[in-house]
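File shown: entry-v6.cif. Contents: mmCIF, C-alpha atoms, pLDDT in the B column; chains and numbers go by the auth columns.
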data_run
#
loop_
_atom_site.group_PDB
_atom_site.id
_atom_site.type_symbol
_atom_site.label_atom_id
_atom_site.label_comp_id
_atom_site.label_asym_id
_atom_site.label_seq_id
_atom_site.Cartn_x
_atom_site.Cartn_y
_atom_site.Cartn_z
_atom_site.B_iso_or_equiv
_atom_site.auth_seq_id
_atom_site.auth_asym_id
ATOM 1 C CA ALA A 1 -6.440 -85.653 -25.423 79.00 1 J
ATOM 2 C CA GLN A 2 -10.129 -85.305 -24.789 84.00 2 J
ATOM 3 C CA SER A 3 -12.984 -84.628 -27.165 89.00 3 J
ATOM 4 C CA VAL A 4 -16.749 -84.546 -27.232 94.00 4 J
ATOM 5 C CA THR A 5 -19.091 -85.328 -30.101 95.00 5 J
ATOM 6 C CA GLN A 6 -22.723 -84.356 -30.066 95.00 6 J
ATOM 7 C CA LEU A 7 -24.754 -86.132 -32.703 92.00 7 J
ATOM 8 C CA GLY A 8 -27.391 -83.931 -34.254 91.00 8 J
ATOM 9 C CA SER A 9 -27.020 -80.185 -34.277 92.00 9 J
ATOM 10 C CA HIS A 10 -30.810 -79.836 -34.305 95.00 10 J
ATOM 11 C CA VAL A 11 -33.381 -82.080 -32.638 97.00 11 J
ATOM 12 C CA SER A 12 -37.153 -81.601 -32.758 97.00 12 J
ATOM 13 C CA VAL A 13 -39.607 -83.357 -30.484 97.00 13 J
ATOM 14 C CA SER A 14 -43.278 -82.954 -29.797 97.00 14 J
ATOM 15 C CA GLU A 15 -44.396 -81.609 -26.463 97.00 15 J
ATOM 16 C CA GLY A 16 -44.748 -84.557 -24.087 97.00 16 J
ATOM 17 C CA ALA A 17 -42.428 -86.791 -26.082 97.00 17 J
ATOM 18 C CA LEU A 18 -39.128 -88.263 -24.955 97.00 18 J
ATOM 19 C CA VAL A 19 -36.064 -86.043 -25.283 98.00 19 J
ATOM 20 C CA LEU A 20 -32.807 -87.778 -26.194 98.00 20 J
ATOM 21 C CA LEU A 21 -29.684 -85.747 -26.876 98.00 21 J
ATOM 22 C CA ARG A 22 -26.577 -87.724 -27.685 97.00 22 J
ATOM 23 C CA CYS A 23 -23.051 -87.155 -26.449 97.00 23 J
ATOM 24 C CA ASN A 24 -20.016 -89.337 -26.979 96.00 24 J
ATOM 25 C CA TYR A 25 -16.658 -88.577 -25.486 95.00 25 J
ATOM 26 C CA SER A 26 -13.077 -89.559 -25.918 92.00 26 J
ATOM 27 C CA SER A 27 -10.708 -89.478 -22.983 87.00 27 J
ATOM 28 C CA SER A 28 -7.532 -91.303 -22.026 84.00 28 J
ATOM 29 C CA VAL A 29 -8.211 -90.666 -18.343 84.00 29 J
ATOM 30 C CA PRO A 30 -11.381 -91.050 -16.279 85.00 30 J
ATOM 31 C CA PRO A 31 -13.637 -88.269 -17.503 88.00 31 J
ATOM 32 C CA TYR A 32 -15.838 -85.832 -15.711 91.00 32 J
ATOM 33 C CA LEU A 33 -18.858 -85.075 -17.885 93.00 33 J
ATOM 34 C CA PHE A 34 -21.342 -82.251 -17.908 94.00 34 J
ATOM 35 C CA TRP A 35 -24.466 -81.108 -19.679 96.00 35 J
ATOM 36 C CA TYR A 36 -25.128 -77.386 -19.916 95.00 36 J
ATOM 37 C CA VAL A 37 -28.165 -75.576 -21.285 95.00 37 J
ATOM 38 C CA GLN A 38 -28.149 -72.169 -22.944 93.00 38 J
ATOM 39 C CA TYR A 39 -31.381 -70.257 -23.328 91.00 39 J
ATOM 40 C CA PRO A 40 -31.525 -67.419 -25.862 85.00 40 J
ATOM 41 C CA ASN A 41 -29.379 -64.436 -24.918 81.00 41 J
ATOM 42 C CA GLN A 42 -28.201 -66.100 -21.740 84.00 42 J
ATOM 43 C CA GLY A 43 -25.050 -67.768 -20.504 86.00 43 J
ATOM 44 C CA LEU A 44 -24.706 -71.481 -19.946 90.00 44 J
ATOM 45 C CA GLN A 45 -26.328 -73.153 -16.949 92.00 45 J
ATOM 46 C CA LEU A 46 -25.364 -76.539 -15.545 92.00 46 J
ATOM 47 C CA LEU A 47 -28.013 -79.244 -15.959 95.00 47 J
ATOM 48 C CA LEU A 48 -26.090 -82.115 -14.434 94.00 48 J
ATOM 49 C CA LYS A 49 -22.632 -83.571 -13.983 92.00 49 J
ATOM 50 C CA TYR A 50 -20.925 -86.920 -13.663 92.00 50 J
ATOM 51 C CA THR A 51 -17.791 -87.013 -11.545 86.00 51 J
ATOM 52 C CA SER A 52 -17.195 -90.747 -10.997 78.00 52 J
ATOM 53 C CA ALA A 53 -19.999 -91.431 -8.543 78.00 53 J
ATOM 54 C CA ALA A 54 -23.333 -92.929 -9.636 86.00 54 J
ATOM 55 C CA THR A 55 -23.496 -93.590 -13.360 90.00 55 J
ATOM 56 C CA LEU A 56 -27.099 -92.399 -13.603 94.00 56 J
ATOM 57 C CA VAL A 57 -27.131 -88.715 -12.865 94.00 57 J
ATOM 58 C CA LYS A 58 -30.236 -86.674 -12.230 95.00 58 J
ATOM 59 C CA GLY A 59 -30.258 -82.978 -12.922 93.00 59 J
ATOM 60 C CA ILE A 60 -32.534 -80.021 -12.871 93.00 60 J
ATOM 61 C CA ASN A 61 -35.797 -79.651 -14.785 93.00 61 J
ATOM 62 C CA GLY A 62 -36.343 -83.427 -14.967 96.00 62 J
ATOM 63 C CA PHE A 63 -33.268 -84.201 -17.040 97.00 63 J
ATOM 64 C CA GLU A 64 -30.988 -87.140 -16.429 97.00 64 J
ATOM 65 C CA ALA A 65 -27.994 -88.724 -18.100 97.00 65 J
ATOM 66 C CA GLU A 66 -26.298 -92.083 -17.876 95.00 66 J
ATOM 67 C CA PHE A 67 -22.559 -92.569 -18.056 95.00 67 J
ATOM 68 C CA LYS A 68 -21.759 -95.679 -20.102 94.00 68 J
ATOM 69 C CA LYS A 69 -18.064 -96.353 -20.159 92.00 69 J
ATOM 70 C CA SER A 70 -18.342 -99.259 -22.587 93.00 70 J
ATOM 71 C CA GLU A 71 -20.073 -97.008 -25.104 94.00 71 J
ATOM 72 C CA THR A 72 -18.147 -93.835 -24.181 94.00 72 J
ATOM 73 C CA SER A 73 -21.488 -92.100 -24.019 96.00 73 J
ATOM 74 C CA PHE A 74 -23.280 -89.636 -21.775 97.00 74 J
ATOM 75 C CA HIS A 75 -26.654 -89.122 -23.405 97.00 75 J
ATOM 76 C CA LEU A 76 -29.155 -86.667 -21.952 98.00 76 J
ATOM 77 C CA THR A 77 -32.784 -87.676 -21.575 98.00 77 J
ATOM 78 C CA LYS A 78 -36.066 -86.320 -20.308 98.00 78 J
ATOM 79 C CA PRO A 79 -39.233 -88.436 -20.329 97.00 79 J
ATOM 80 C CA SER A 80 -41.605 -85.688 -21.384 97.00 80 J
ATOM 81 C CA ALA A 81 -40.602 -82.549 -23.260 97.00 81 J
ATOM 82 C CA HIS A 82 -41.975 -79.177 -22.283 96.00 82 J
ATOM 83 C CA MET A 83 -42.080 -76.060 -24.394 96.00 83 J
ATOM 84 C CA SER A 84 -39.718 -74.390 -21.938 95.00 84 J
ATOM 85 C CA ASP A 85 -37.042 -76.997 -22.745 96.00 85 J
ATOM 86 C CA ALA A 86 -36.390 -75.353 -26.108 96.00 86 J
ATOM 87 C CA ALA A 87 -32.770 -74.247 -25.895 96.00 87 J
ATOM 88 C CA GLU A 88 -29.267 -75.212 -26.920 95.00 88 J
ATOM 89 C CA TYR A 89 -27.599 -78.014 -25.009 97.00 89 J
ATOM 90 C CA PHE A 90 -23.865 -78.538 -24.663 96.00 90 J
ATOM 91 C CA CYS A 91 -22.011 -81.599 -23.495 96.00 91 J
ATOM 92 C CA ALA A 92 -18.594 -81.011 -21.940 94.00 92 J
ATOM 93 C CA VAL A 93 -15.726 -83.129 -20.652 92.00 93 J
ATOM 94 C CA THR A 94 -12.841 -82.526 -18.335 88.00 94 J
ATOM 95 C CA HIS A 95 -10.889 -84.581 -15.839 81.00 95 J
ATOM 96 C CA SER A 96 -9.350 -84.325 -12.427 77.00 96 J
ATOM 97 C CA GLY A 97 -6.341 -82.073 -12.198 74.00 97 J
ATOM 98 C CA THR A 98 -7.189 -79.707 -15.024 76.00 98 J
ATOM 99 C CA TYR A 99 -9.312 -76.636 -15.410 78.00 99 J
ATOM 100 C CA LYS A 100 -9.808 -77.149 -19.130 83.00 100 J
ATOM 101 C CA TYR A 101 -13.279 -78.087 -20.262 89.00 101 J
ATOM 102 C CA ILE A 102 -13.852 -79.357 -23.796 91.00 102 J
ATOM 103 C CA PHE A 103 -17.313 -78.530 -25.118 93.00 103 J
ATOM 104 C CA GLY A 104 -19.280 -80.214 -27.855 94.00 104 J
ATOM 105 C CA THR A 105 -20.732 -78.239 -30.727 93.00 105 J
ATOM 106 C CA GLY A 106 -24.164 -78.115 -29.170 94.00 106 J
ATOM 107 C CA THR A 107 -27.619 -79.445 -29.997 96.00 107 J
ATOM 108 C CA ARG A 108 -30.497 -77.070 -30.495 95.00 108 J
ATOM 109 C CA LEU A 109 -33.690 -78.588 -29.146 97.00 109 J
ATOM 110 C CA LYS A 110 -36.987 -77.507 -30.622 97.00 110 J
ATOM 111 C CA VAL A 111 -40.236 -78.512 -28.937 97.00 111 J
ATOM 112 C CA LEU A 112 -43.297 -78.655 -31.137 96.00 112 J
ATOM 113 C CA ALA A 113 -46.758 -77.950 -29.803 93.00 113 J
ATOM 114 C CA SER B 1 -23.423 -70.393 -6.767 78.00 1 C
ATOM 115 C CA ALA B 2 -22.084 -67.296 -8.465 84.00 2 C
ATOM 116 C CA VAL B 3 -23.628 -64.346 -10.227 90.00 3 C
ATOM 117 C CA ILE B 4 -21.536 -63.078 -13.098 93.00 4 C
ATOM 118 C CA SER B 5 -22.252 -59.776 -14.820 94.00 5 C
ATOM 119 C CA GLN B 6 -20.808 -58.917 -18.188 96.00 6 C
ATOM 120 C CA LYS B 7 -20.742 -55.591 -19.971 96.00 7 C
ATOM 121 C CA PRO B 8 -21.577 -54.817 -22.692 96.00 8 C
ATOM 122 C CA SER B 9 -24.219 -57.423 -23.431 94.00 9 C
ATOM 123 C CA ARG B 10 -23.909 -56.656 -27.115 95.00 10 C
ATOM 124 C CA ASP B 11 -22.174 -54.187 -29.368 97.00 11 C
ATOM 125 C CA ILE B 12 -21.647 -53.419 -33.011 97.00 12 C
ATOM 126 C CA CYS B 13 -18.097 -52.416 -33.800 95.00 13 C
ATOM 127 C CA GLN B 14 -16.183 -51.126 -36.751 96.00 14 C
ATOM 128 C CA ARG B 15 -13.311 -53.022 -38.292 97.00 15 C
ATOM 129 C CA GLY B 16 -9.954 -52.045 -36.819 97.00 16 C
ATOM 130 C CA THR B 17 -11.282 -50.833 -33.486 97.00 17 C
ATOM 131 C CA SER B 18 -10.917 -52.438 -30.070 97.00 18 C
ATOM 132 C CA LEU B 19 -13.519 -53.258 -27.454 97.00 19 C
ATOM 133 C CA THR B 20 -13.121 -54.124 -23.793 98.00 20 C
ATOM 134 C CA ILE B 21 -15.512 -56.530 -22.116 98.00 21 C
ATOM 135 C CA GLN B 22 -15.933 -56.395 -18.368 98.00 22 C
ATOM 136 C CA CYS B 23 -16.726 -59.313 -16.092 97.00 23 C
ATOM 137 C CA GLN B 24 -17.780 -58.866 -12.467 97.00 24 C
ATOM 138 C CA VAL B 25 -18.330 -61.791 -10.078 95.00 25 C
ATOM 139 C CA ASP B 26 -20.258 -61.538 -6.821 94.00 26 C
ATOM 140 C CA SER B 27 -17.679 -63.594 -4.924 91.00 27 C
ATOM 141 C CA GLN B 28 -13.922 -63.923 -4.840 91.00 28 C
ATOM 142 C CA VAL B 29 -12.561 -66.497 -7.245 89.00 29 C
ATOM 143 C CA THR B 30 -9.047 -67.578 -8.030 86.00 30 C
ATOM 144 C CA MET B 31 -9.461 -68.421 -11.673 87.00 31 C
ATOM 145 C CA MET B 32 -11.624 -66.767 -14.283 92.00 32 C
ATOM 146 C CA PHE B 33 -11.991 -68.051 -17.790 94.00 33 C
ATOM 147 C CA TRP B 34 -12.783 -66.340 -21.078 97.00 34 C
ATOM 148 C CA TYR B 35 -14.508 -68.335 -23.799 96.00 35 C
ATOM 149 C CA ARG B 36 -15.458 -67.531 -27.362 96.00 36 C
ATOM 150 C CA GLN B 37 -18.610 -68.926 -28.935 92.00 37 C
ATOM 151 C CA GLN B 38 -18.614 -68.386 -32.667 89.00 38 C
ATOM 152 C CA PRO B 39 -21.877 -68.664 -34.605 81.00 39 C
ATOM 153 C CA GLY B 40 -22.936 -72.277 -34.868 78.00 40 C
ATOM 154 C CA GLN B 41 -19.869 -73.499 -33.071 83.00 41 C
ATOM 155 C CA SER B 42 -18.895 -74.667 -29.640 86.00 42 C
ATOM 156 C CA LEU B 43 -17.233 -72.784 -26.843 91.00 43 C
ATOM 157 C CA THR B 44 -13.504 -72.349 -27.164 93.00 44 C
ATOM 158 C CA LEU B 45 -11.329 -71.368 -24.236 93.00 45 C
ATOM 159 C CA ILE B 46 -9.383 -68.203 -24.977 96.00 46 C
ATOM 160 C CA ALA B 47 -7.452 -67.822 -21.755 95.00 47 C
ATOM 161 C CA THR B 48 -7.397 -68.301 -18.019 93.00 48 C
ATOM 162 C CA ALA B 49 -7.012 -65.222 -15.866 92.00 49 C
ATOM 163 C CA ASN B 50 -5.462 -65.528 -12.416 86.00 50 C
ATOM 164 C CA GLN B 51 -5.315 -62.570 -10.103 83.00 51 C
ATOM 165 C CA GLY B 52 -1.807 -61.232 -9.767 81.00 52 C
ATOM 166 C CA SER B 53 -0.279 -63.029 -12.711 83.00 53 C
ATOM 167 C CA GLU B 54 -0.291 -62.972 -16.475 88.00 54 C
ATOM 168 C CA ALA B 55 -3.169 -64.689 -18.194 92.00 55 C
ATOM 169 C CA THR B 56 -2.539 -68.096 -19.727 93.00 56 C
ATOM 170 C CA TYR B 57 -3.599 -68.272 -23.360 95.00 57 C
ATOM 171 C CA GLU B 58 -4.709 -71.312 -25.282 94.00 58 C
ATOM 172 C CA SER B 59 -3.277 -72.317 -28.603 93.00 59 C
ATOM 173 C CA GLY B 60 -4.396 -69.948 -31.315 94.00 60 C
ATOM 174 C CA PHE B 61 -4.941 -66.982 -29.015 96.00 61 C
ATOM 175 C CA VAL B 62 -2.336 -64.331 -28.258 96.00 62 C
ATOM 176 C CA ILE B 63 -2.038 -61.532 -25.763 96.00 63 C
ATOM 177 C CA ASP B 64 -1.660 -58.831 -28.401 97.00 64 C
ATOM 178 C CA LYS B 65 -5.046 -59.712 -29.841 97.00 65 C
ATOM 179 C CA PHE B 66 -6.838 -60.528 -26.583 97.00 66 C
ATOM 180 C CA PRO B 67 -5.211 -58.656 -23.698 96.00 67 C
ATOM 181 C CA ILE B 68 -6.694 -59.569 -20.331 96.00 68 C
ATOM 182 C CA SER B 69 -6.597 -57.785 -17.013 94.00 69 C
ATOM 183 C CA ARG B 70 -7.310 -59.287 -13.600 94.00 70 C
ATOM 184 C CA PRO B 71 -6.865 -56.522 -11.044 92.00 71 C
ATOM 185 C CA ASN B 72 -8.617 -58.309 -8.172 92.00 72 C
ATOM 186 C CA LEU B 73 -10.440 -61.506 -7.228 92.00 73 C
ATOM 187 C CA THR B 74 -13.861 -60.393 -8.491 94.00 74 C
ATOM 188 C CA PHE B 75 -13.134 -58.606 -11.756 95.00 75 C
ATOM 189 C CA SER B 76 -11.562 -59.181 -15.142 96.00 76 C
ATOM 190 C CA THR B 77 -11.549 -57.575 -18.561 96.00 77 C
ATOM 191 C CA LEU B 78 -10.989 -58.992 -22.009 97.00 78 C
ATOM 192 C CA THR B 79 -10.094 -56.676 -24.864 98.00 79 C
ATOM 193 C CA VAL B 80 -10.621 -57.695 -28.463 98.00 80 C
ATOM 194 C CA SER B 81 -8.079 -55.655 -30.407 97.00 81 C
ATOM 195 C CA ASN B 82 -7.975 -54.537 -33.997 97.00 82 C
ATOM 196 C CA MET B 83 -11.231 -56.289 -34.712 97.00 83 C
ATOM 197 C CA SER B 84 -12.194 -57.909 -37.977 96.00 84 C
ATOM 198 C CA PRO B 85 -15.497 -59.519 -38.986 95.00 85 C
ATOM 199 C CA GLU B 86 -14.019 -62.896 -37.994 94.00 86 C
ATOM 200 C CA ASP B 87 -14.082 -61.688 -34.387 96.00 87 C
ATOM 201 C CA SER B 88 -17.874 -61.527 -34.442 96.00 88 C
ATOM 202 C CA SER B 89 -18.767 -63.904 -31.633 96.00 89 C
ATOM 203 C CA ILE B 90 -20.217 -64.239 -28.204 94.00 90 C
ATOM 204 C CA TYR B 91 -17.568 -63.824 -25.537 96.00 91 C
ATOM 205 C CA LEU B 92 -18.305 -65.516 -22.235 95.00 92 C
ATOM 206 C CA CYS B 93 -16.734 -65.060 -18.843 95.00 93 C
ATOM 207 C CA SER B 94 -16.869 -68.021 -16.470 94.00 94 C
ATOM 208 C CA VAL B 95 -15.624 -69.190 -13.090 92.00 95 C
ATOM 209 C CA ASP B 96 -15.199 -72.528 -11.373 85.00 96 C
ATOM 210 C CA LEU B 97 -16.021 -72.036 -7.698 78.00 97 C
ATOM 211 C CA GLN B 98 -15.089 -75.523 -6.606 71.00 98 C
ATOM 212 C CA GLY B 99 -11.825 -75.595 -8.478 64.00 99 C
ATOM 213 C CA ASN B 100 -11.066 -78.267 -11.077 59.00 100 C
ATOM 214 C CA THR B 101 -13.975 -80.329 -12.275 61.00 101 C
ATOM 215 C CA GLY B 102 -16.562 -78.403 -10.409 70.00 102 C
ATOM 216 C CA GLU B 103 -19.393 -76.505 -12.005 80.00 103 C
ATOM 217 C CA LEU B 104 -18.611 -73.663 -14.362 88.00 104 C
ATOM 218 C CA PHE B 105 -20.721 -70.547 -13.854 90.00 105 C
ATOM 219 C CA PHE B 106 -21.124 -68.321 -16.879 91.00 106 C
ATOM 220 C CA GLY B 107 -21.969 -64.739 -17.480 92.00 107 C
ATOM 221 C CA GLU B 108 -24.679 -63.962 -19.996 92.00 108 C
ATOM 222 C CA GLY B 109 -22.127 -63.249 -22.659 93.00 109 C
ATOM 223 C CA SER B 110 -21.166 -60.283 -24.771 96.00 110 C
ATOM 224 C CA ARG B 111 -22.326 -60.524 -28.357 94.00 111 C
ATOM 225 C CA LEU B 112 -19.966 -58.651 -30.672 96.00 112 C
ATOM 226 C CA THR B 113 -20.716 -57.898 -34.287 96.00 113 C
ATOM 227 C CA VAL B 114 -17.871 -56.452 -36.327 96.00 114 C
ATOM 228 C CA LEU B 115 -18.748 -54.679 -39.548 95.00 115 C
#
Would you mind giving the structure from this file in structure tokens?
Amino acid sequence: AQSVTQLGSHVSVSEGALVLLRCNYSSSVPPYLFWYVQYPNQGLQLLLKYTSAATLVKGINGFEAEFKKSETSFHLTKPSAHMSDAAEYFCAVTHSGTYKYIFGTGTRLKVLA
Amino acid sequence: SAVISQKPSRDICQRGTSLTIQCQVDSQVTMMFWYRQQPGQSLTLIATANQGSEATYESGFVIDKFPISRPNLTFSTLTVSNMSPEDSSIYLCSVDLQGNTGELFFGEGSRLTVL
């Protein structure tokens, strides 16, 4: 069975500060991991994905995430927060051979001026 | 990429009624997925809709409550039947263009409030 845990349902950072959103996963098979962003009144949009290639994955809007197998983590980072980054972020896991994605409970990012 | 349109974007419904949500994709896809996003919670897969076959429902979801149609490769509907306030959620349609482990594309969601 697979699961995803996102630590912190709400995270606040100042504009220009580092963004760190945490995601830990559990999987008995090699995982494929994703970060999605949801802006108000919109659907989810893919930020980045890890599918067993490079462990450091770069995504859109300056975000990146590092797959750490030893820590079962896939934390999302951005060096400098922008007001437009305020949104809800979801981590998700799946694996090869299945169409089922397991989503975390989401982290709402607030960026303070 | 894929553009997914959902209708309605939001609705307020009375207890005991049913509502059908439409999902239109701008390209042909084999599998379409319906998710539920309850307030403050994560996305939960309701069912997978394949064209030409019965939808496959996840544990806790049944066809009588959430009937799904998939008449062609670009369209699907989800009906929420006999609604109660517990059905107040955002319902999201999504597709996986690459098939298994690719990127999921989502519609903007249909926000249902049941009074």
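Note on the selection: in this file the PyMOL selection byres ((chain C) within 9 of (chain J)) comes out as Ser9, Gly40, Gln41, Ser42, Leu43, Thr44, Leu45, Thr48, Leu92, Cys93, Asp96, Gly99, Asn100, Thr101, Gly102, Glu103, Leu104, Phe105, Phe106, Gly107, Glu108, Gly109 and Arg111 of chain C.
Using all atoms listed in the file, the shortest contact distance between Gln22 of chain C and any of C:Asn50, C:Gln98, C:Ser110, C:Ser84 is found at C:Ser110.
One finds atom CA of Val3 of chain C at 10.4 Å from atom CA of Cys23 of chain C.
When atom CA of Asp85 of chain J is paired with atom CA of Ser94 of chain C, their separation reads 23.0 Å.
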I'd like the interatomic distance between atom CA of Thr72 of chain J and atom CA of Ser26 of chain J, to a tenth of an Å. 6.9 Å
Kindly resolve the PyMOL selection byres ((chain C and resi 63) around 12) on the present coordinates and return the residues as a list in words. Ile46, Ala47, Thr48, Ala49, Glu54, Ala55, Thr56, Tyr57, Glu58, Ser59, Gly60, Phe61, Val62, Asp64, Lys65, Phe66, Pro67, Ile68, Ser69, Leu78, Thr79, Val80 and Ser81 of chain C
Check which residues satisfy the PyMOL selection byres ((chain J and resi 20) around 6) in the file shown, then give them as an mmCIF file with C-alpha atoms, in the coordinates of the input.
data_model
loop_
_atom_site.group_PDB
_atom_site.id
_atom_site.type_symbol
_atom_site.label_atom_id
_atom_site.label_comp_id
_atom_site.auth_asym_id
_atom_site.auth_seq_id
_atom_site.Cartn_x
_atom_site.Cartn_y
_atom_site.Cartn_z
ATOM 1 C CA VAL J 19 -36.064 -86.043 -25.283
ATOM 2 C CA LEU J 21 -29.684 -85.747 -26.876
ATOM 3 C CA LEU J 76 -29.155 -86.667 -21.952
ATOM 4 C CA THR J 77 -32.784 -87.676 -21.575
#
Show which residues sit within 8 Å of Gln24 of chain C, as JSON, numbers by chain. Count only C-alpha atoms, and ignore same-chain residues fewer than 3 positions away. {"C": [4, 5, 6, 74, 75, 76]}
